[in-house]
Amino acid sequence: RFLDSCRHPAIYNGDITEPSHIGSIAERYPDIAGVMAGRGLIARPSLFAEWNEGTEWDEEKRATQLLKLHDALMSGARERLSGDRQILAHLQPYWEYFGRNFERRQVKALLKARSVEKYIQALGNLR
C-alpha cells in the first residue's frame with residue numbers, strides 16, 4: 001500500500017546479506033527504484049557483483065574481495081590517522097562483519113592486537 005501511495009522513488013533497505021535476497025526483493029516489489037545494502041555489503045563486498053553476475057562466488061573469492069576492501073581501508077587509515085591506537089580503533093570494528101568469513105581464532109587475534117605490527121602479523125594468518 002505504501003508504494004501505491006508514495007509519489008517518490010522507494011528504495012528497499014534492510015537485511016540484505018546474500019545475492020538471492022536482491023532478486024527476491026525485486027520480484028516481491030517490482031515497483032521499487034532500487035535496493036540498498038549497508039552492513040550486508042560490509043560483510044560481503046562482492047554482494048552486488050555476485051548478483052549482477054548471477055552467480056555466488058566461492059568462499060575464497062569472496063574472502064579475497066573482502067581483504068581488498070580491508071587493504072583500502074587500512075591504507076586510508078594509515079594516511080589519515082596518527083598512531084597505532086587510532087588506526088586500530090578505526091579498523092578493528094569492521095571485523096564484526098568481516099569476521100564471519102574467517103576462523104574465529106584468527107579474527108580474535110586481529111581484535112586483540114594492540115599495535116599495527118601485531119595486527120599485520122595476525123592479518124597475514126588470514127591470507
# chains A, B, ... in the order shown; residues from 1 in each chain; ligands from 1
>>> residues_around(residues="Ile25 (chain A)", least_positions_apart="6", cutoff="10 Å", atoms="only C-alpha atoms", output="PyMOL selection string")
chain A and resi 12-13+16+32+34-35
>>> write_last_selection(atoms="N, CA, C and O atoms", output="CSV table (one decimal), in the first residue's frame")
chain,number,residue,atom,x,y,z
A,12,TYR,N,14.5,-0.1,-1.3
A,12,TYR,CA,14.4,-1.2,-0.2
A,12,TYR,C,15.7,-1.2,0.5
A,12,TYR,O,16.8,-1.2,-0.1
A,13,ASN,N,15.7,-1.3,1.8
A,13,ASN,CA,16.9,-1.4,2.6
A,13,ASN,C,16.6,-2.3,3.8
A,13,ASN,O,15.6,-2.2,4.4
A,16,ILE,N,19.9,-7.4,3.8
A,16,ILE,CA,20.3,-8.0,2.5
A,16,ILE,C,21.8,-8.5,2.7
A,16,ILE,O,22.7,-7.7,2.8
A,32,ILE,N,9.8,-0.9,-6.9
A,32,ILE,CA,10.8,-0.1,-6.2
A,32,ILE,C,11.9,0.4,-7.1
A,32,ILE,O,12.1,-0.1,-8.2
A,34,GLY,N,15.1,0.8,-6.3
A,34,GLY,CA,16.4,0.2,-6.1
A,34,GLY,C,16.5,-0.5,-4.8
A,34,GLY,O,15.5,-0.6,-4.0
A,35,VAL,N,17.6,-1.1,-4.5
A,35,VAL,CA,17.9,-1.8,-3.3
A,35,VAL,C,19.2,-1.3,-2.7
A,35,VAL,O,20.2,-1.0,-3.5
>>> residues_around(residues="region 71-88 of chain A", least_positions_apart="2", cutoff="12 Å", atoms="only C-alpha atoms", output="list in words")
Ile42, Thr64, Gln65, Leu66, Leu67, Lys68, Leu69, His90, Leu91, Gln92, Pro93, Tyr94, Trp95, Leu110, Leu111, Lys112, Ala113, Arg114, Ser115, Val116, Glu117, Lys118, Tyr119, Ile120, Leu123 and Gly124 of chain A
>>> write_last_selection(atoms="N, CA and C atoms", output="PDB file, in the first residue's frame")
ATOM      1  N   ILE A  42      29.154  -4.535   3.790  1.00  0.00           N
ATOM      2  CA  ILE A  42      30.431  -4.536   4.502  1.00  0.00           C
ATOM      3  C   ILE A  42      30.878  -5.978   4.757  1.00  0.00           C
ATOM      4  N   THR A  64      38.929 -12.940  -0.774  1.00  0.00           N
ATOM      5  CA  THR A  64      39.899 -12.112  -1.487  1.00  0.00           C
ATOM      6  C   THR A  64      39.340 -10.710  -1.718  1.00  0.00           C
ATOM      7  N   GLN A  65      38.091 -10.617  -2.133  1.00  0.00           N
ATOM      8  CA  GLN A  65      37.448  -9.318  -2.349  1.00  0.00           C
ATOM      9  C   GLN A  65      37.339  -8.544  -1.043  1.00  0.00           C
ATOM     10  N   LEU A  66      36.982  -9.237   0.019  1.00  0.00           N
ATOM     11  CA  LEU A  66      36.856  -8.603   1.324  1.00  0.00           C
ATOM     12  C   LEU A  66      38.206  -8.048   1.791  1.00  0.00           C
ATOM     13  N   LEU A  67      39.266  -8.823   1.597  1.00  0.00           N
ATOM     14  CA  LEU A  67      40.593  -8.365   2.015  1.00  0.00           C
ATOM     15  C   LEU A  67      41.079  -7.197   1.169  1.00  0.00           C
ATOM     16  N   LYS A  68      40.641  -7.095  -0.071  1.00  0.00           N
ATOM     17  CA  LYS A  68      40.964  -5.918  -0.889  1.00  0.00           C
ATOM     18  C   LYS A  68      40.318  -4.674  -0.288  1.00  0.00           C
ATOM     19  N   LEU A  69      39.067  -4.816   0.132  1.00  0.00           N
ATOM     20  CA  LEU A  69      38.392  -3.703   0.804  1.00  0.00           C
ATOM     21  C   LEU A  69      39.137  -3.337   2.077  1.00  0.00           C
ATOM     22  N   HIS A  90      40.034   2.430  14.256  1.00  0.00           N
ATOM     23  CA  HIS A  90      39.298   2.585  13.010  1.00  0.00           C
ATOM     24  C   HIS A  90      39.030   1.233  12.341  1.00  0.00           C
ATOM     25  N   LEU A  91      40.021   0.354  12.338  1.00  0.00           N
ATOM     26  CA  LEU A  91      39.930  -0.902  11.589  1.00  0.00           C
ATOM     27  C   LEU A  91      39.229  -2.041  12.328  1.00  0.00           C
ATOM     28  N   GLN A  92      39.489  -2.192  13.590  1.00  0.00           N
ATOM     29  CA  GLN A  92      39.000  -3.367  14.311  1.00  0.00           C
ATOM     30  C   GLN A  92      37.472  -3.515  14.328  1.00  0.00           C
ATOM     31  N   PRO A  93      36.695  -2.446  14.406  1.00  0.00           N
ATOM     32  CA  PRO A  93      35.240  -2.635  14.391  1.00  0.00           C
ATOM     33  C   PRO A  93      34.699  -3.288  13.116  1.00  0.00           C
ATOM     34  N   TYR A  94      35.393  -3.147  12.011  1.00  0.00           N
ATOM     35  CA  TYR A  94      34.943  -3.789  10.769  1.00  0.00           C
ATOM     36  C   TYR A  94      34.901  -5.308  10.906  1.00  0.00           C
ATOM     37  N   TRP A  95      35.728  -5.843  11.783  1.00  0.00           N
ATOM     38  CA  TRP A  95      35.809  -7.303  11.911  1.00  0.00           C
ATOM     39  C   TRP A  95      34.548  -7.917  12.503  1.00  0.00           C
ATOM     40  N   LEU A 110      43.224 -10.602  15.547  1.00  0.00           N
ATOM     41  CA  LEU A 110      43.163  -9.241  14.994  1.00  0.00           C
ATOM     42  C   LEU A 110      42.560  -8.269  16.008  1.00  0.00           C
ATOM     43  N   LEU A 111      41.532  -8.712  16.678  1.00  0.00           N
ATOM     44  CA  LEU A 111      40.846  -7.855  17.646  1.00  0.00           C
ATOM     45  C   LEU A 111      41.669  -7.612  18.905  1.00  0.00           C
ATOM     46  N   LYS A 112      42.546  -8.554  19.239  1.00  0.00           N
ATOM     47  CA  LYS A 112      43.385  -8.412  20.431  1.00  0.00           C
ATOM     48  C   LYS A 112      44.662  -7.615  20.165  1.00  0.00           C
ATOM     49  N   ALA A 113      44.997  -7.404  18.896  1.00  0.00           N
ATOM     50  CA  ALA A 113      46.240  -6.701  18.559  1.00  0.00           C
ATOM     51  C   ALA A 113      46.235  -5.297  19.164  1.00  0.00           C
ATOM     52  N   ARG A 114      47.345  -4.922  19.759  1.00  0.00           N
ATOM     53  CA  ARG A 114      47.481  -3.592  20.368  1.00  0.00           C
ATOM     54  C   ARG A 114      48.504  -2.729  19.637  1.00  0.00           C
ATOM     55  N   SER A 115      49.038  -3.246  18.549  1.00  0.00           N
ATOM     56  CA  SER A 115      49.944  -2.457  17.700  1.00  0.00           C
ATOM     57  C   SER A 115      49.642  -2.813  16.249  1.00  0.00           C
ATOM     58  N   VAL A 116      49.935  -1.895  15.350  1.00  0.00           N
ATOM     59  CA  VAL A 116      49.714  -2.151  13.929  1.00  0.00           C
ATOM     60  C   VAL A 116      50.588  -3.317  13.479  1.00  0.00           C
ATOM     61  N   GLU A 117      51.778  -3.420  14.031  1.00  0.00           N
ATOM     62  CA  GLU A 117      52.671  -4.528  13.680  1.00  0.00           C
ATOM     63  C   GLU A 117      52.021  -5.878  14.014  1.00  0.00           C
ATOM     64  N   LYS A 118      51.457  -6.005  15.233  1.00  0.00           N
ATOM     65  CA  LYS A 118      50.794  -7.251  15.631  1.00  0.00           C
ATOM     66  C   LYS A 118      49.542  -7.497  14.782  1.00  0.00           C
ATOM     67  N   TYR A 119      48.850  -6.428  14.468  1.00  0.00           N
ATOM     68  CA  TYR A 119      47.655  -6.523  13.639  1.00  0.00           C
ATOM     69  C   TYR A 119      48.009  -7.078  12.252  1.00  0.00           C
ATOM     70  N   ILE A 120      49.067  -6.552  11.665  1.00  0.00           N
ATOM     71  CA  ILE A 120      49.519  -7.015  10.340  1.00  0.00           C
ATOM     72  C   ILE A 120      49.960  -8.469  10.409  1.00  0.00           C
ATOM     73  N   LEU A 123      46.842 -10.447  10.504  1.00  0.00           N
ATOM     74  CA  LEU A 123      46.228 -10.365   9.183  1.00  0.00           C
ATOM     75  C   LEU A 123      46.891 -11.333   8.205  1.00  0.00           C
ATOM     76  N   GLY A 124      48.192 -11.497   8.335  1.00  0.00           N
ATOM     77  CA  GLY A 124      48.926 -12.428   7.485  1.00  0.00           C
ATOM     78  C   GLY A 124      48.467 -13.867   7.646  1.00  0.00           C
TER      79      GLY A 124
END
>>> atom_distance(atom1="CA of Leu126 (chain A)", atom2="CA of His70 (chain A)")
11.9 Å
>>> residues_around(residues="Tyr97 (chain A)", least_positions_apart="5", cutoff="10 Å", atoms="only C-alpha atoms", output="short mmCIF file (atom, residue, chain, number, x, y, z; two decimals) with N, CA, C and O atoms, in the first residue's frame")
data_model
loop_
_atom_site.label_atom_id
_atom_site.label_comp_id
_atom_site.auth_asym_id
_atom_site.auth_seq_id
_atom_site.Cartn_x
_atom_site.Cartn_y
_atom_site.Cartn_z
N ARG A 39 25.29 -2.89 6.13
CA ARG A 39 26.13 -3.86 6.83
C ARG A 39 26.32 -5.14 6.02
O ARG A 39 27.38 -5.75 6.05
N GLY A 40 25.30 -5.53 5.26
CA GLY A 40 25.42 -6.71 4.42
C GLY A 40 26.52 -6.55 3.38
O GLY A 40 27.23 -7.50 3.05
N LEU A 41 26.68 -5.34 2.89
CA LEU A 41 27.72 -5.06 1.90
C LEU A 41 29.10 -4.99 2.55
O LEU A 41 30.09 -5.37 1.94
N ILE A 42 29.15 -4.54 3.79
CA ILE A 42 30.43 -4.54 4.50
C ILE A 42 30.88 -5.98 4.76
O ILE A 42 32.04 -6.32 4.58
N ALA A 43 29.94 -6.82 5.15
CA ALA A 43 30.28 -8.22 5.43
C ALA A 43 30.59 -9.00 4.17
O ALA A 43 31.35 -9.97 4.20
N ARG A 44 30.01 -8.56 3.06
CA ARG A 44 30.19 -9.28 1.79
C ARG A 44 30.31 -8.25 0.67
O ARG A 44 29.35 -7.98 -0.06
#
